[in-house]
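Content type TSV, C-alpha atoms, from the file work03.tsv:
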chain	number	residue	atom	x	y	z
A	5	MET	CA	16.31	-5.39	-11.70
A	6	ILE	CA	12.85	-5.14	-13.23
A	7	GLN	CA	12.28	-7.03	-16.44
A	8	ILE	CA	9.24	-5.86	-18.37
A	9	VAL	CA	7.61	-8.33	-20.73
A	10	GLY	CA	5.50	-6.85	-23.52
A	11	GLY	CA	5.59	-3.34	-22.02
A	12	LEU	CA	3.08	-1.81	-19.60
A	13	PRO	CA	0.32	-2.60	-19.30
A	14	GLY	CA	1.58	-6.15	-19.44
A	15	SER	CA	3.36	-8.50	-17.11
A	16	LEU	CA	6.52	-8.45	-15.04
A	17	ASP	CA	8.65	-11.57	-14.74
A	18	VAL	CA	11.00	-10.37	-12.03
A	19	LEU	CA	10.63	-7.71	-9.36
A	20	PRO	CA	13.34	-6.95	-6.76
A	21	GLY	CA	13.12	-9.44	-3.89
A	22	ILE	CA	9.88	-10.92	-5.17
A	23	SER	CA	10.96	-13.45	-7.76
A	24	GLY	CA	8.98	-16.49	-8.80
A	25	PHE	CA	5.74	-14.59	-9.47
A	26	LYS	CA	4.23	-13.83	-12.85
A	27	TRP	CA	3.21	-10.20	-12.30
A	28	GLU	CA	0.84	-8.24	-14.51
A	29	PHE	CA	-0.27	-4.63	-14.44
A	30	ALA	CA	-3.50	-4.55	-12.41
A	31	GLY	CA	-4.34	-0.84	-12.18
A	32	PHE	CA	-3.31	2.75	-11.49
A	33	THR	CA	-4.97	5.78	-9.93
A	34	GLY	CA	-3.55	9.23	-9.26
A	35	LEU	CA	-5.00	12.36	-7.68
A	36	ALA	CA	-5.54	15.40	-9.92
A	37	GLY	CA	-6.58	17.35	-6.80
A	38	ASN	CA	-6.30	16.83	-3.05
A	39	GLY	CA	-8.41	13.87	-1.92
A	40	ALA	CA	-9.29	11.54	0.94
A	41	ASN	CA	-8.81	8.29	-1.01
A	42	ILE	CA	-6.88	6.78	-3.87
A	43	THR	CA	-8.79	3.67	-4.94
A	44	VAL	CA	-7.41	1.33	-7.58
A	45	THR	CA	-10.08	-0.97	-9.00
A	46	LEU	CA	-8.18	-3.99	-10.25
A	47	LYS	CA	-8.72	-5.31	-13.77
A	48	ARG	CA	-9.60	-8.71	-12.24
A	49	PRO	CA	-9.35	-10.46	-8.82
A	50	TYR	CA	-5.84	-11.39	-7.61
A	51	ARG	CA	-4.35	-13.48	-4.81
A	52	TYR	CA	-1.08	-11.49	-4.58
A	53	LEU	CA	-0.54	-7.77	-5.08
A	54	LEU	CA	2.46	-5.49	-5.24
A	55	ALA	CA	1.67	-1.79	-4.83
A	56	LEU	CA	3.99	1.13	-5.39
A	57	ALA	CA	2.68	4.37	-3.97
A	58	ARG	CA	3.72	7.99	-3.76
A	59	ILE	CA	2.10	10.20	-1.18
A	60	ALA	CA	2.97	13.76	-2.26
A	61	GLY	CA	2.11	14.90	1.27
A	62	TYR	CA	-0.93	15.70	3.38
A	63	THR	CA	-2.90	18.91	3.95
A	64	GLY	CA	-2.26	18.39	7.72
A	65	ASN	CA	-0.56	15.83	9.99
A	66	ASN	CA	-1.80	12.35	9.14
A	67	ILE	CA	-0.87	8.69	8.54
A	68	ALA	CA	-2.42	7.06	5.48
A	69	ARG	CA	-3.74	3.50	5.65
A	70	TRP	CA	-4.45	0.62	3.27
A	71	GLN	CA	-7.95	-0.82	2.84
A	72	PHE	CA	-9.21	-3.59	0.56
A	73	ASN	CA	-12.36	-4.33	-1.47
A	74	GLY	CA	-14.16	-1.29	-0.05
A	75	ASP	CA	-13.92	-2.61	3.53
A	76	THR	CA	-13.73	0.40	5.88
A	77	GLY	CA	-14.73	-1.56	9.00
A	78	ALA	CA	-12.62	-2.54	12.01
A	79	ASN	CA	-11.34	-5.68	10.27
A	80	TYR	CA	-7.61	-4.91	10.25
A	81	GLY	CA	-4.65	-5.39	12.55
A	82	ALA	CA	-1.48	-3.37	11.96
A	83	VAL	CA	2.04	-2.65	13.13
A	84	ALA	CA	4.33	0.18	12.03
A	85	SER	CA	7.81	1.30	13.05
A	86	GLU	CA	10.20	4.11	12.29
A	87	PRO	CA	13.86	4.40	13.31
A	88	SER	CA	13.18	7.49	15.44
A	89	ASP	CA	11.01	5.48	17.85
A	90	ALA	CA	12.13	2.85	20.36
A	91	ALA	CA	9.09	0.61	19.90
A	92	ALA	CA	6.70	-0.20	17.09
A	93	THR	CA	3.07	0.90	17.24
A	94	SER	CA	0.61	-1.98	17.02
A	95	THR	CA	-3.18	-1.79	16.65
A	96	ILE	CA	-6.00	-4.32	16.39
A	97	ASN	CA	-9.63	-4.00	15.28
A	98	THR	CA	-8.84	-0.89	13.31
A	99	ASN	CA	-10.17	0.30	9.95
A	100	GLY	CA	-6.97	0.07	7.89
A	101	ILE	CA	-3.28	-0.82	7.89
A	102	LEU	CA	-1.17	2.26	8.67
A	103	VAL	CA	1.73	3.08	6.33
A	104	GLY	CA	3.84	4.67	9.08
A	105	GLU	CA	4.00	5.29	12.79
A	106	THR	CA	4.19	9.07	13.04
A	107	ALA	CA	1.67	11.58	11.66
A	108	GLN	CA	3.29	14.01	9.23
A	109	THR	CA	2.65	16.38	6.34
A	110	ALA	CA	5.73	15.28	4.35
A	111	ALA	CA	5.84	12.93	1.37
A	112	ARG	CA	6.07	9.13	1.60
A	113	ALA	CA	7.16	6.57	-0.99
A	114	LEU	CA	5.97	2.99	-0.45
A	115	GLN	CA	6.55	-0.52	-1.78
A	116	VAL	CA	4.04	-2.98	-0.38
A	117	MET	CA	3.34	-6.70	-0.88
A	118	PHE	CA	-0.19	-8.01	-0.21
A	119	ALA	CA	-0.80	-11.77	-0.07
A	120	ALA	CA	-4.03	-13.64	0.51
A	121	LYS	CA	-3.58	-16.60	2.89
A	122	ASP	CA	-5.53	-19.15	0.89
A	123	ALA	CA	-7.20	-19.62	-2.47
A	124	ALA	CA	-10.44	-18.10	-1.14
A	125	GLY	CA	-8.60	-14.92	-0.16
A	126	ARG	CA	-9.18	-15.20	3.58
A	127	ILE	CA	-6.90	-13.28	5.95
A	128	ALA	CA	-4.60	-11.14	3.84
A	129	ARG	CA	-1.08	-10.46	4.99
A	130	VAL	CA	0.62	-7.13	4.29
A	131	ARG	CA	4.31	-6.20	4.39
A	132	GLY	CA	5.63	-2.81	3.38
A	133	MET	CA	8.63	-0.53	3.38
A	134	GLY	CA	8.64	3.19	2.89
A	135	ILE	CA	10.68	6.34	2.82
A	136	ASP	CA	9.46	9.46	4.59
A	137	ASP	CA	10.89	12.70	3.24
A	138	THR	CA	10.08	16.16	2.00
A	139	GLU	CA	11.35	15.32	-1.52
A	140	VAL	CA	14.03	17.96	-1.05
A	141	ILE	CA	17.67	16.85	-1.22
A	142	THR	CA	18.63	18.93	1.85
A	143	THR	CA	16.25	17.00	4.12
A	144	ALA	CA	17.22	13.62	5.57
A	145	VAL	CA	14.96	10.67	4.77
A	146	ALA	CA	13.68	8.05	7.22
A	147	LEU	CA	12.94	4.42	6.45
A	148	THR	CA	9.66	3.04	7.74
A	149	SER	CA	8.20	-0.44	7.84
A	150	HIS	CA	4.61	-1.53	8.24
A	151	GLY	CA	2.53	-4.66	8.09
A	152	GLY	CA	-0.72	-6.19	9.15
A	153	ILE	CA	-3.59	-8.47	8.38
A	154	TRP	CA	-7.02	-8.02	6.89
A	155	ASN	CA	-9.34	-10.41	8.69
A	156	ASN	CA	-12.16	-10.64	6.19
A	157	THR	CA	-13.66	-13.64	4.44
A	158	THR	CA	-14.48	-12.00	1.13
A	159	ALA	CA	-13.07	-13.19	-2.18
A	160	LEU	CA	-9.68	-12.31	-3.64
A	161	PHE	CA	-8.43	-8.71	-3.90
A	162	THR	CA	-10.59	-6.64	-6.26
A	163	SER	CA	-9.59	-3.13	-5.14
A	164	VAL	CA	-6.95	-1.38	-3.05
A	165	THR	CA	-7.53	1.97	-1.33
A	166	LEU	CA	-4.92	4.28	0.14
A	167	ASN	CA	-7.02	6.28	2.62
A	168	GLU	CA	-5.95	9.66	4.05
A	169	GLY	CA	-5.84	8.28	7.60
A	170	ALA	CA	-7.41	8.47	11.00
A	171	THR	CA	-7.42	12.23	11.55
A	172	GLY	CA	-9.91	12.92	8.76
A	173	GLY	CA	-9.94	16.09	6.71
A	174	ASN	CA	-6.16	16.05	6.21
A	175	ASN	CA	-6.28	14.92	2.60
A	176	LEU	CA	-3.61	13.35	0.41
A	177	LEU	CA	-2.07	16.00	-1.84
A	178	THR	CA	-2.39	16.38	-5.62
A	179	GLY	CA	0.06	14.08	-7.41
A	180	SER	CA	-0.27	11.22	-4.93
A	181	ASN	CA	-0.72	7.93	-6.77
A	182	VAL	CA	-0.83	4.14	-6.50
A	183	VAL	CA	0.15	1.58	-9.14
A	184	VAL	CA	-0.70	-2.08	-8.52
A	185	PHE	CA	0.62	-5.31	-10.06
A	186	GLY	CA	-1.15	-8.64	-9.49
A	187	ALA	CA	-0.26	-12.33	-9.57
A	188	ASP	CA	-2.11	-15.54	-8.81
A	189	THR	CA	0.47	-18.28	-8.34
A	190	ILE	CA	4.20	-18.71	-8.01
A	191	THR	CA	5.78	-19.84	-11.26
A	192	ALA	CA	8.41	-22.59	-11.45
Once more with this new file: its structure as structure tokens, please.
Amino acid sequence: MIQIVGGLPGSLDVLPGISGFKWEFAGFTGLAGNGANITVTLKRPYRYLLALARIAGYTGNNIARWQFNGDTGANYGAVASEPSDAAATSTINTNGILVGETAQTAARALQVMFAAKDAAGRIARVRGMGIDDTEVITTAVALTSHGGIWNNTTALFTSVTLNEGATGGNNLLTGSNVVVFGADTITA
């Protein structure tokens, strides 16, 4: 159940499985044309983020990845798994946290929680779930999970980027979007 307080933009008191946080709308960006990045500049810095994303598809096989505060360097570690594979794929010293394990052109829907480890925002933890599908009822969907860390000593989260992925040139399709909610502390 999602309870909206004051309407959007505003704050959320309860989100499924993530209770105890006082969530507020932090930003939204959608693609009007195919593009390599969807960057959401947050309305202010946050310690915790919840992102909901829709990848309409890719122009070629690819796996999108999360990046923070404009950091495109090899400052991330990631793991991703899909039910079709026996073992998860894990990477270190990479330039983003992958949203899936297998490159594809099909759509993805994602719900992701980002949490900074301490008040200074050092070492962010990421946990996400997704659905891979073609957005056609006759095609089976697959659940995916992904997670990772951002090993950077910058301040709190100020922006979130969903990048097209490692293959380059296989852009995210028109209609892909990311909405982000932010929180600072757990409420009593």
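These residues, each with an atom at most 6 Å from (-12.9, -8.6, -9.9) using all atoms listed in the file, are Arg48, Pro49 and Thr162 of chain A.
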Gly132 of chain A environment, 8 Å, only C-alpha atoms, sequence neighbours closer than 3 positions dropped, as a PDB file with C-alpha atoms, in the frame of the given file:
ATOM      1  CA  VAL A 103       1.730   3.080   6.330  1.00  0.00           C
ATOM      2  CA  LEU A 114       5.970   2.990  -0.450  1.00  0.00           C
ATOM      3  CA  GLN A 115       6.550  -0.520  -1.780  1.00  0.00           C
ATOM      4  CA  VAL A 116       4.040  -2.980  -0.380  1.00  0.00           C
ATOM      5  CA  MET A 117       3.340  -6.700  -0.880  1.00  0.00           C
ATOM      6  CA  SER A 149       8.200  -0.440   7.840  1.00  0.00           C
ATOM      7  CA  HIS A 150       4.610  -1.530   8.240  1.00  0.00           C
ATOM      8  CA  GLY A 151       2.530  -4.660   8.090  1.00  0.00           C
TER       9      GLY A 151
END
Subject >> A:Ala120, A:Leu46, A:Ala40, A:Val83 ranked by distance to Asn156 of chain A, top pick (using only C-alpha atoms) >> reply: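 Once distances to Asn156 of chain A are computed over only C-alpha atoms, the minimum belongs to A:Ala120.
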**OP:** Find the residues near Asn167 of chain A: any atom within 7 Å, counting all atoms listed in the file, skip ones fewer than 3 places away on the same chain, and give them as number ranges by chain.
**Re:** A: 40-42, 68-70
**OP:** Rounded to one decimal place, report the atom CA of Thr109 of chain A-atom CA of Phe32 of chain A distance in Å.
**Re:** 23.2 Å
Work out where the centre of an axis-aligned box around every listed atom of segment 63-74 of chain A lies and how long its edges are once 8 Å is added on each side; give both in Å to one decimal as JSON.
{"center_x": -7.4, "center_y": 7.3, "center_z": 4.3, "size_x": 29.6, "size_y": 39.2, "size_z": 27.5}
Subject >> Best match for closeness to Phe118 of chain A among A:Val44, A:Val164, A:Ala57, A:Ala82, counting all atoms listed in the file >> reply: A:Val164
**OP:** One decimal, Å: what's the distance from atom CA of Ala60 of chain A over to atom CA of Ser180 of chain A, could you say?
**Re:**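 Computing it gives 4.9 Å between the two atoms.
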Original post:
Skipping near chain neighbours, those fewer than 2 positions away, what residues fall within 12 Å of Ala84 of chain A using all atoms listed in the file, listed as a PyMOL selection string?
Top reply: chain A and resi 67-69+81-82+86-95+101-107+130-134+147-152
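Distance check against Ile153 of chain A using only C-alpha atoms: of A:Thr33, A:Asn66, A:Asn97, A:Asn73, the minimum falls on A:Asn97.
For the pair atom CA of Trp154 of chain A and atom CA of Thr178 of chain A, the interatomic distance is 27.8 Å.
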Original post:
Between A:Leu176, A:Val145, A:Ala119, A:Ala111, which has the minimum distance to Tyr52 of chain A (counting only C-alpha atoms)?
Top reply: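 Counting only C-alpha atoms, the residue closest to Tyr52 of chain A is A:Ala119.
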